[in-house]
Every structure is written in structure tokens, then in C-alpha cells.
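Asks: What follows is entry.txt, compact mmCIF, C-alpha atoms and all ligand atoms.
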# COMPACT_ATOMS: atom_id res chain seq x y z
CA MET A 27 182.54 146.51 -112.10
CA GLY A 28 182.18 149.01 -109.25
CA LYS A 29 183.48 148.67 -105.70
CA LEU A 30 179.89 148.09 -104.47
CA THR A 31 178.68 145.68 -107.14
CA GLY A 32 176.42 143.10 -105.49
CA LYS A 33 175.84 145.25 -102.39
CA ILE A 34 172.32 146.11 -101.23
CA VAL A 35 172.13 149.68 -99.93
CA TRP A 36 169.14 151.37 -98.25
CA VAL A 37 169.16 155.18 -98.30
CA THR A 38 166.55 157.25 -96.45
CA GLY A 39 165.73 160.80 -97.46
CA ALA A 40 166.86 159.62 -100.89
CA GLY A 41 164.60 161.82 -103.01
CA THR A 42 166.36 165.13 -102.38
CA GLY A 43 169.54 166.76 -101.11
CA ILE A 44 172.29 164.70 -99.49
CA GLY A 45 170.33 161.45 -99.75
CA GLU A 46 169.84 161.98 -103.48
CA GLY A 47 173.56 162.76 -103.88
CA ALA A 48 174.48 159.65 -101.87
CA ALA A 49 172.09 157.37 -103.79
CA LEU A 50 173.49 158.45 -107.15
CA ALA A 51 177.11 158.13 -105.96
CA LEU A 52 176.52 154.68 -104.42
CA ALA A 53 174.74 153.48 -107.57
CA SER A 54 177.72 154.66 -109.65
CA GLU A 55 179.79 152.06 -107.73
CA GLY A 56 177.40 149.29 -108.77
CA ALA A 57 175.26 149.03 -105.61
CA THR A 58 171.58 148.09 -105.81
CA LEU A 59 169.68 150.91 -104.10
CA VAL A 60 166.50 150.97 -102.03
CA LEU A 61 165.19 154.53 -101.80
CA THR A 62 162.96 155.73 -98.96
CA GLY A 63 161.26 159.04 -98.16
CA ARG A 64 157.69 160.03 -97.45
CA ARG A 65 156.96 161.30 -100.99
CA ALA A 66 157.13 158.75 -103.79
CA ALA A 67 157.60 161.23 -106.68
CA PRO A 68 161.15 162.44 -105.86
CA LEU A 69 162.21 158.85 -105.15
CA GLU A 70 160.87 157.73 -108.54
CA GLU A 71 162.87 160.52 -110.21
CA VAL A 72 166.10 159.43 -108.51
CA ALA A 73 165.37 155.78 -109.35
CA ALA A 74 164.81 156.73 -113.00
CA ARG A 75 168.17 158.55 -113.13
CA ILE A 76 169.91 155.53 -111.60
CA GLY A 77 168.16 153.24 -114.09
CA ALA A 78 169.07 155.50 -117.02
CA ALA A 79 172.74 155.25 -115.96
CA GLY A 80 172.50 151.44 -116.03
CA GLY A 81 171.98 150.92 -112.28
CA ALA A 82 169.25 149.32 -110.19
CA ALA A 83 167.01 151.09 -107.69
CA HIS A 84 163.83 150.12 -105.83
CA VAL A 85 161.44 152.73 -104.45
CA GLN A 86 160.05 151.99 -100.99
CA PRO A 87 158.27 155.10 -99.69
CA GLY A 88 157.72 155.35 -95.95
CA ASP A 89 157.78 157.53 -92.87
CA MET A 90 160.90 156.93 -90.79
CA THR A 91 159.10 158.20 -87.68
CA ASN A 92 156.75 155.18 -87.84
CA ALA A 93 158.64 152.24 -86.33
CA ALA A 94 156.34 149.61 -87.85
CA ALA A 95 156.66 151.14 -91.33
CA VAL A 96 160.46 151.26 -90.99
CA LYS A 97 160.63 147.60 -89.95
CA ALA A 98 158.31 146.64 -92.83
CA ILE A 99 160.71 148.22 -95.35
CA ALA A 100 163.76 146.54 -93.80
CA ASP A 101 161.95 143.20 -93.86
CA TRP A 102 160.91 143.77 -97.49
CA ILE A 103 164.53 144.39 -98.42
CA GLU A 104 165.76 141.23 -96.70
CA THR A 105 162.95 139.09 -98.15
CA THR A 106 163.17 140.51 -101.68
CA LEU A 107 166.85 141.31 -102.09
CA GLY A 108 168.31 138.85 -99.57
CA ARG A 109 170.34 141.17 -97.34
CA ILE A 110 171.14 144.74 -96.29
CA ASP A 111 174.83 145.55 -96.62
CA ILE A 112 174.69 149.30 -96.02
CA PHE A 113 172.05 151.48 -94.36
CA VAL A 114 172.36 155.22 -94.95
CA ALA A 115 170.18 156.84 -92.25
CA ASN A 116 169.99 160.26 -93.80
CA ALA A 117 166.35 161.43 -93.50
CA GLY A 118 166.03 164.52 -91.34
CA ILE A 119 164.02 167.65 -90.87
CA ASN A 120 163.99 171.09 -89.30
CA ILE A 121 161.29 173.66 -88.64
CA LEU A 122 160.97 177.39 -89.14
CA ASP A 123 159.86 178.33 -85.60
CA ARG A 124 162.80 176.76 -83.83
CA GLY A 125 164.05 179.14 -81.10
CA TRP A 126 163.10 178.69 -77.42
CA ASP A 127 160.81 181.70 -77.79
CA GLN A 128 158.87 180.08 -80.66
CA ILE A 129 159.05 176.31 -80.46
CA THR A 130 155.89 174.35 -79.63
CA ALA A 131 155.35 170.81 -78.38
CA GLU A 132 154.34 169.85 -81.92
CA GLY A 133 157.55 171.36 -83.32
CA ILE A 134 159.65 169.53 -80.74
CA ASP A 135 157.96 166.24 -81.72
CA THR A 136 158.58 166.91 -85.43
CA VAL A 137 162.29 167.56 -84.92
CA LEU A 138 163.03 164.86 -82.32
CA HIS A 139 161.00 162.18 -84.13
CA GLY A 140 162.31 163.21 -87.56
CA ASN A 141 166.01 163.30 -86.65
CA LEU A 142 166.51 161.05 -83.61
CA ASP A 143 163.73 158.43 -83.45
CA SER A 144 164.06 157.88 -87.20
CA VAL A 145 167.70 156.81 -86.80
CA PHE A 146 166.89 154.55 -83.84
CA TYR A 147 163.96 152.92 -85.67
CA GLY A 148 166.17 152.33 -88.72
CA ALA A 149 168.97 150.89 -86.60
CA ILE A 150 166.76 148.42 -84.72
CA ALA A 151 165.25 147.32 -88.04
CA VAL A 152 168.56 146.64 -89.81
CA LEU A 153 170.75 145.42 -86.93
CA PRO A 154 169.12 141.96 -86.57
CA ILE A 155 169.58 141.45 -90.33
CA MET A 156 173.21 142.59 -90.16
CA ARG A 157 173.85 140.36 -87.12
CA ARG A 158 172.51 137.38 -89.08
CA GLN A 159 174.88 138.34 -91.90
CA GLN A 160 177.70 138.96 -89.39
CA GLY A 161 178.45 142.15 -91.24
CA GLY A 162 177.02 145.48 -92.25
CA GLN A 163 177.58 149.19 -92.34
CA ILE A 164 175.45 152.05 -91.05
CA ILE A 165 176.20 155.58 -92.24
CA VAL A 166 174.23 158.29 -90.47
CA THR A 167 173.88 161.89 -91.61
CA ALA A 168 174.19 163.75 -88.32
CA SER A 169 175.36 167.38 -88.34
CA MET A 170 177.97 169.78 -87.00
CA ALA A 171 175.04 170.71 -84.73
CA GLY A 172 175.55 167.25 -83.23
CA ARG A 173 179.07 168.11 -82.10
CA TRP A 174 178.86 171.79 -81.16
CA VAL A 175 176.02 173.60 -79.46
CA GLY A 176 174.80 176.70 -81.30
CA LEU A 177 171.58 178.59 -81.71
CA MET A 178 171.18 178.66 -85.51
CA SER A 179 169.71 175.16 -85.92
CA GLY A 180 167.39 175.44 -82.91
CA PRO A 181 167.62 173.60 -79.58
CA ALA A 182 165.54 170.58 -80.60
CA TYR A 183 167.67 169.95 -83.71
CA VAL A 184 170.92 170.41 -81.74
CA ALA A 185 169.71 167.99 -79.05
CA ALA A 186 168.51 165.44 -81.63
CA LYS A 187 171.76 165.52 -83.60
CA HIS A 188 173.88 165.22 -80.42
CA GLY A 189 171.80 162.14 -79.64
CA VAL A 190 172.36 160.78 -83.12
CA VAL A 191 176.16 161.15 -82.86
CA ALA A 192 176.15 159.43 -79.46
CA ALA A 193 173.99 156.61 -80.82
CA CYS A 194 176.44 156.02 -83.69
CA HIS A 195 179.35 155.54 -81.28
CA THR A 196 177.36 153.08 -79.17
CA ILE A 197 176.61 150.99 -82.28
CA ASN A 198 180.36 150.60 -82.85
CA MET A 199 180.92 149.81 -79.15
CA GLN A 200 178.33 147.02 -79.06
CA GLU A 201 178.18 145.66 -82.60
CA CYS A 202 181.88 145.61 -83.61
CA VAL A 203 182.00 141.93 -82.54
CA ASN A 204 179.33 141.22 -85.19
CA GLY A 205 181.31 142.84 -88.01
CA ILE A 206 178.98 145.86 -87.95
CA ARG A 207 180.38 149.40 -88.15
CA CYS A 208 178.82 152.83 -88.04
CA THR A 209 179.94 156.23 -89.28
CA ALA A 210 178.48 159.54 -88.14
CA VAL A 211 178.79 162.07 -90.97
CA LEU A 212 178.71 165.63 -89.63
CA PRO A 213 178.05 168.13 -92.41
CA GLY A 214 178.26 171.86 -92.02
CA GLU A 215 176.09 173.88 -94.35
CA VAL A 216 175.04 172.02 -97.51
CA ALA A 217 172.93 173.67 -100.22
CA THR A 218 169.80 171.49 -100.05
CA PRO A 219 166.04 172.08 -99.66
CA ILE A 220 166.30 171.90 -95.83
CA LEU A 221 167.70 175.47 -96.00
CA ASP A 222 164.28 176.67 -97.18
CA LYS A 223 163.17 176.25 -93.54
CA ARG A 224 165.78 178.74 -92.22
CA PRO A 225 164.29 181.69 -90.30
CA VAL A 226 166.81 183.95 -92.12
CA PRO A 227 166.51 183.21 -95.88
CA VAL A 228 169.69 181.91 -97.54
CA SER A 229 170.55 183.61 -100.85
CA ALA A 230 171.49 181.77 -104.03
CA GLU A 231 174.99 183.28 -103.79
CA GLU A 232 175.42 181.90 -100.26
CA ARG A 233 174.11 178.48 -101.32
CA GLY A 234 176.63 178.48 -104.17
CA ARG A 235 179.54 178.79 -101.71
CA MET A 236 178.28 175.98 -99.47
CA ALA A 237 179.06 172.27 -99.72
CA GLN A 238 176.85 170.65 -102.37
CA LYS A 239 174.80 167.44 -102.18
CA GLU A 240 177.28 165.79 -104.57
CA ASP A 241 180.19 166.58 -102.18
CA VAL A 242 178.53 164.84 -99.23
CA GLY A 243 177.23 162.06 -101.49
CA ASP A 244 180.77 161.38 -102.64
CA LEU A 245 182.01 161.27 -99.03
CA ILE A 246 179.29 158.70 -98.22
CA ARG A 247 180.35 156.71 -101.31
CA TYR A 248 183.97 156.76 -100.05
CA ILE A 249 182.93 155.55 -96.59
CA ALA A 250 180.80 152.79 -98.13
CA CYS A 251 183.77 151.59 -100.17
CA LEU A 252 186.08 151.16 -97.16
CA PRO A 253 187.18 147.58 -96.53
CA PRO A 254 185.15 145.79 -93.81
CA HIS A 255 188.01 145.76 -91.26
CA VAL A 256 188.05 149.55 -90.82
CA VAL A 257 185.57 152.20 -89.79
CA ILE A 258 185.61 155.98 -89.88
CA ASN A 259 183.70 156.57 -86.65
CA GLU A 260 182.99 160.24 -87.21
CA VAL A 261 183.79 162.69 -90.00
CA MET A 262 183.03 166.37 -90.64
CA ILE A 263 182.55 167.99 -94.03
CA CYS A 264 182.11 171.75 -94.30
CA PRO A 265 182.27 174.49 -96.89
CA THR A 266 185.67 176.19 -97.03
CA TRP A 267 183.76 179.51 -96.92
CA ASN A 268 182.36 178.67 -93.49
CA ARG A 269 179.79 181.33 -92.63
CA GLY A 270 180.33 180.77 -88.92
CA TYR A 271 184.07 181.43 -89.26
CA VAL A 272 183.49 184.40 -91.58
CA ALA A 273 181.10 185.97 -89.07
CA GLY A 274 183.76 185.46 -86.36
CA LEU A 275 186.37 187.19 -88.52
CA GLN A 276 184.01 190.11 -89.14
CA ARG A 277 183.43 190.47 -85.38
CA LYS A 278 187.21 190.33 -84.81
CA SER A 279 187.86 193.11 -87.34
CA THR A 280 185.32 195.39 -85.65
CA ASN A 281 186.69 194.81 -82.11
N1 LIG B 301 171.75 170.81 -95.59
C1 LIG B 301 172.47 171.04 -94.50
O1 LIG B 301 173.02 172.16 -94.31
C2 LIG B 301 172.65 169.95 -93.47
C3 LIG B 301 173.68 170.10 -92.53
C4 LIG B 301 173.87 169.12 -91.58
C5 LIG B 301 173.06 168.00 -91.59
N2 LIG B 301 172.05 167.87 -92.50
C6 LIG B 301 171.23 166.66 -92.45
O2 LIG B 301 171.30 166.04 -93.71
C7 LIG B 301 170.19 165.16 -93.85
C8 LIG B 301 169.58 165.33 -95.22
O3 LIG B 301 169.05 166.64 -95.32
P1 LIG B 301 169.23 167.55 -96.59
O4 LIG B 301 170.10 168.68 -96.20
O5 LIG B 301 169.64 166.75 -97.76
O6 LIG B 301 167.76 168.17 -96.75
P2 LIG B 301 166.49 167.66 -97.57
O7 LIG B 301 166.74 167.81 -99.02
O8 LIG B 301 165.34 168.36 -96.97
O9 LIG B 301 166.43 166.10 -97.27
C9 LIG B 301 165.73 165.51 -96.22
C10 LIG B 301 165.08 164.27 -96.79
O10 LIG B 301 164.54 163.50 -95.72
C11 LIG B 301 163.25 163.05 -96.10
N3 LIG B 301 162.48 162.92 -94.87
C12 LIG B 301 162.20 163.88 -93.95
N4 LIG B 301 161.47 163.38 -92.98
C13 LIG B 301 161.25 162.08 -93.27
C14 LIG B 301 160.57 161.03 -92.63
N5 LIG B 301 159.89 161.22 -91.48
N6 LIG B 301 160.56 159.81 -93.21
C15 LIG B 301 161.21 159.60 -94.37
N7 LIG B 301 161.89 160.54 -95.02
C16 LIG B 301 161.91 161.77 -94.47
C17 LIG B 301 162.69 164.11 -97.04
O11 LIG B 301 161.79 163.56 -98.00
P3 LIG B 301 160.20 163.58 -97.76
O12 LIG B 301 159.84 164.98 -97.38
O13 LIG B 301 159.64 163.12 -99.07
O14 LIG B 301 159.96 162.59 -96.66
C18 LIG B 301 163.96 164.58 -97.76
O15 LIG B 301 164.17 163.88 -98.95
C19 LIG B 301 169.25 165.49 -92.70
O16 LIG B 301 169.39 164.51 -91.68
C20 LIG B 301 169.76 166.84 -92.21
O17 LIG B 301 169.44 167.06 -90.86
C21 LIG B 301 171.84 168.83 -93.46
Rewrite the coordinates I just gave you, this time as C-alpha cells.
Ligand SMILES: NC(=O)c1ccc[n+]([C@@H]2O[C@H](COP(=O)([O-])OP(=O)(O)OC[C@H]3O[C@@H](n4cnc5c(N)ncnc54)[C@H](OP(=O)(O)O)[C@@H]3O)[C@@H](O)[C@H]2O)c1
Replies:
Amino acid sequence: MGKLTGKIVWVTGAGTGIGEGAALALASEGATLVLTGRRAAPLEEVAARIGAAGGAAHVQPGDMTNAAAVKAIADWIETTLGRIDIFVANAGINILDRGWDQITAEGIDTVLHGNLDSVFYGAIAVLPIMRRQQGGQIIVTASMAGRWVGLMSGPAYVAAKHGVVAACHTINMQECVNGIRCTAVLPGEVATPILDKRPVPVSAEERGRMAQKEDVGDLIRYIACLPPHVVINEVMICPTWNRGYVAGLQRKSTN
């Protein structure tokens, strides 16, 4: 029996990258998974792997930027599976043309809706259910770009992820009396498909030195297994070979 046996866990962005890593790690602890993303095919693949390992996973495709669609999935989970113990708000997106000299109104909408609104819509869908349960856990994949301002991720992404981190803290401030806790996970660079949208291509060698989806998935599994009376409010996970630090060292050696 795993530490999450009997728990109902909803993971968004579950078909690829960190969400895929988290879904597989959470299923390995016995949780029943609900997998959401816009494309059904990658979700079905993850569900099949969970099933092959003896676990249970339900595929519920949907767009997290559509508030009605998000609420419909949360309601389906409560009606069909009875509760939502853990919500992993992981879906996110970035764009290629991200600098102030390139970004368009459409690009701003894509990034703000995809990273910030999506978390808010998920939170307002699950919180009433968790209040009724008088317990629940929300784990949000934010970013180091949500703690420090830099140019690499683009201003819209940095602004959205700062908003996400702030939102996580306010959930703890208001919902702690309902037994609800929230963790903001702030990854540095993780080798996932989102890197394919980088303006400067990332080599296979560089991806190999980064954190991997399994590393962040295992951190999310650890957070999910914490006893209900404690919360890790915010946590960072970065590659040891941190390209930002390495670039700083290179500048230092040429000064
Ligand atoms: N990789 C990194 O270096 C890094 C660092 C810090 C933070 N993060 C954050 O980590 C999270 C996961 O990203 P990742 O790195 O694992 O990249 P990824 O593989 O591209 O995963 C993003 C996932 O989100 C889903 N998604 C995107 N927009 C969606 C929407 N509107 N509705 C539902 N699902 C949506 C995508 O599936 P569909 O396309 O099928 O919808 C995809 O499975 C994101 O929030 C990202 O910002 C990543």
C-alpha cells in the first residue's frame, strides 16, 4: 500500500514533462489520477503506463484557460470519484517571440492565460470541493522566474509566474482554517518540451545536465505525501549545473 492509496489527485499538463513525471510518481504511491491537458493522446499514453504498472488513471482532456471547462472537470471528478484530495496545477506555456521588442497582444494573452488564469481557474474550481471536505492540497508548478526577475523567460512569463507564487501564498493565508494547504514549486531549468520554444535552441548536452521531469515529479510526490498538519509553502529545485551561475562565473573570470 502506498502513502497516497485512496487519494484522488488531479494533475494538469499531465501528458508531458513535469506533469507526466508527477503523475507517474503520484500513481506509484497508490493515488488515483485524473489527467488533464488539451491533447488527449499524450494523456492516454501516460494513463496506459500507470495502468500497466497496476495503477488507476482517468483521462479528462480540457483547456485550463477556459474557466467553464475547468469547472466541468472538477465537478466530474467530485461526482465520479467523490472528492479531490490533491490538485497539481502544473499546465503552463511559453512563446518564442517573448522579448519586449517582439511580443504581441496575442502572445501576452497566451502566456498570461496559460500560466496565471489557468491556476486561478483551477483553484476556484477545486477550493469549494476542498472546503466541503475540510481538507485538500494544491501544488502549483510556478518557476524560478516567479521569484527573480530576468529576461530569459520573457516579461509576460515572469509576470505570470510572480502572480502564481503570490496566489499560492494567499491560498495558505485564507484557506488554512479549512485544512487546505498550497505549495508553490519553483523549478529552474528542467529538460522538457517547453524548452523547444526557447529563442536560443537548447542542445541535447545542455538538456542532459538540467533537472529532469522525474526529479521534479519526485519532489511533487514528496510534497503530496506530507502529513496534513504541515505545508511546504514554497520550494525551489534547480540543476546543480545552473547555467545562470555558470554564465556569471564566466563573466567573473573575464573581468
Ligand atoms: N521546463 C522548465 O525549465 C520549467 C521551469 C520552470 C517552470 N516550468 C513550468 O513547469 C510546468 C510544466 O511545463 P514543462 O516544463 O513540463 O513543459 P511541457 O512539457 O510543455 O508541459 C506543459 C504541459 O501543459 C499542458 N498545457 C499547456 N497549456 C495548457 C492549457 N491551456 N490547458 C491544459 N493544458 C495545457 C501541455 O499539454 P497540451 O499542449 O496537450 O495542452 C503540456 O503537457 C509549466 O507550468 C512551466 O511553466 C518549467
Asks: Out of A:Ala100, A:Ile164, A:Ala95, A:Ala79, which residue has the shortest atom-to-atom distance to Arg207 in chain A when counting all atoms listed in the file?
Replies: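 Among the listed residues, the smallest separation from Arg207 in chain A belongs to A:Ile164.
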Asks: Ligand LIG 301 (chain B): which residues are within 6 Å, counting only C-alpha atoms and all ligand atoms? Reply as a PyMOL selection string.
Replies: chain A and resi 38-45+63-65+88-91+116-119+140+167-169+213-220
Asks: Have a look at A:Gly80, A:Asp111, A:Arg233, A:Ile150 and name the one nearest to Ala98 in chain A; count all atoms listed in the file.
Replies: A:Ile150
Asks: Calculated over all atoms listed in the file, which of the candidates A:Gly28, A:Pro254, A:Gly81, A:Gly176 has the smallest distance to Gly162 in chain A?
Replies: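 Of A:Gly28, A:Pro254, A:Gly81, A:Gly176, the one nearest Gly162 in chain A is A:Pro254, counting all atoms listed in the file.
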Asks: Taking 5 positions as the minimum chain separation for residues in the same chain, which residues sit within 8 Å of range 52-60 of chain A when counting only C-alpha atoms? Answer as a PDB file with C-alpha atoms, in the coordinates of the input.
Replies:
ATOM      1  CA  MET A  27     182.540 146.510-112.100  1.00  0.00           C
ATOM      2  CA  GLY A  28     182.180 149.010-109.250  1.00  0.00           C
ATOM      3  CA  LYS A  29     183.480 148.670-105.700  1.00  0.00           C
ATOM      4  CA  LEU A  30     179.890 148.090-104.470  1.00  0.00           C
ATOM      5  CA  THR A  31     178.680 145.680-107.140  1.00  0.00           C
ATOM      6  CA  GLY A  32     176.420 143.100-105.490  1.00  0.00           C
ATOM      7  CA  LYS A  33     175.840 145.250-102.390  1.00  0.00           C
ATOM      8  CA  ILE A  34     172.320 146.110-101.230  1.00  0.00           C
ATOM      9  CA  VAL A  35     172.130 149.680 -99.930  1.00  0.00           C
ATOM     10  CA  TRP A  36     169.140 151.370 -98.250  1.00  0.00           C
ATOM     11  CA  VAL A  37     169.160 155.180 -98.300  1.00  0.00           C
ATOM     12  CA  ILE A  76     169.910 155.530-111.600  1.00  0.00           C
ATOM     13  CA  GLY A  81     171.980 150.920-112.280  1.00  0.00           C
ATOM     14  CA  ALA A  82     169.250 149.320-110.190  1.00  0.00           C
ATOM     15  CA  ALA A  83     167.010 151.090-107.690  1.00  0.00           C
ATOM     16  CA  HIS A  84     163.830 150.120-105.830  1.00  0.00           C
ATOM     17  CA  VAL A  85     161.440 152.730-104.450  1.00  0.00           C
ATOM     18  CA  GLN A  86     160.050 151.990-100.990  1.00  0.00           C
ATOM     19  CA  ILE A 103     164.530 144.390 -98.420  1.00  0.00           C
ATOM     20  CA  GLY A 243     177.230 162.060-101.490  1.00  0.00           C
ATOM     21  CA  ILE A 246     179.290 158.700 -98.220  1.00  0.00           C
ATOM     22  CA  ARG A 247     180.350 156.710-101.310  1.00  0.00           C
ATOM     23  CA  ALA A 250     180.800 152.790 -98.130  1.00  0.00           C
TER      24      ALA A 250
END
Asks: Quick one, how far is CA of Ile249 in chain A from CA of Ile155 in chain A?
Replies: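 Value for the CA of Ile249 in chain A-CA of Ile155 in chain A distance: 20.4 Å.
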Asks: Provide the CA of Glu240 in chain A to CA of Ile263 in chain A distance in Å, to one decimal place.
Replies: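 Distance reported for this atom pair: 12.0 Å.
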Asks: What separation in Å, quoted to one decimal, exists between CA of Val184 in chain A and CA of Ala171 in chain A?
Replies: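 The value is 5.1 Å.
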Asks: Using all atoms listed in the file, determine which residues lie at most 12 Å from His255 in chain A, disregarding the query and same-chain residues fewer than 6 positions distant; provide the list as a PyMOL selection string.
Replies: chain A and resi 161-163+202-207
Asks: Counting only C-alpha atoms, figure out which residue out of A:Leu138, A:Met178, A:Leu61, A:Ala51 gets nearest to Ile99 in chain A.
Replies: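 Using only C-alpha atoms, the shortest distance to Ile99 in chain A belongs to A:Leu61.
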Asks: Measuring between only C-alpha atoms, which one of A:Gly180, A:Pro68, A:Val145, A:Ala74 shows the shortest distance to Pro225 in chain A?
Replies: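 Of all the options, A:Gly180 lies closest to Pro225 in chain A.
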Asks: Could you tell me which of A:Ser144, A:Gln159, A:Gln128, A:Thr266 comes closest to Gly108 in chain A if we count all atoms listed in the file?
Replies: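 Among the listed residues, A:Gln159 lies closest to Gly108 in chain A.
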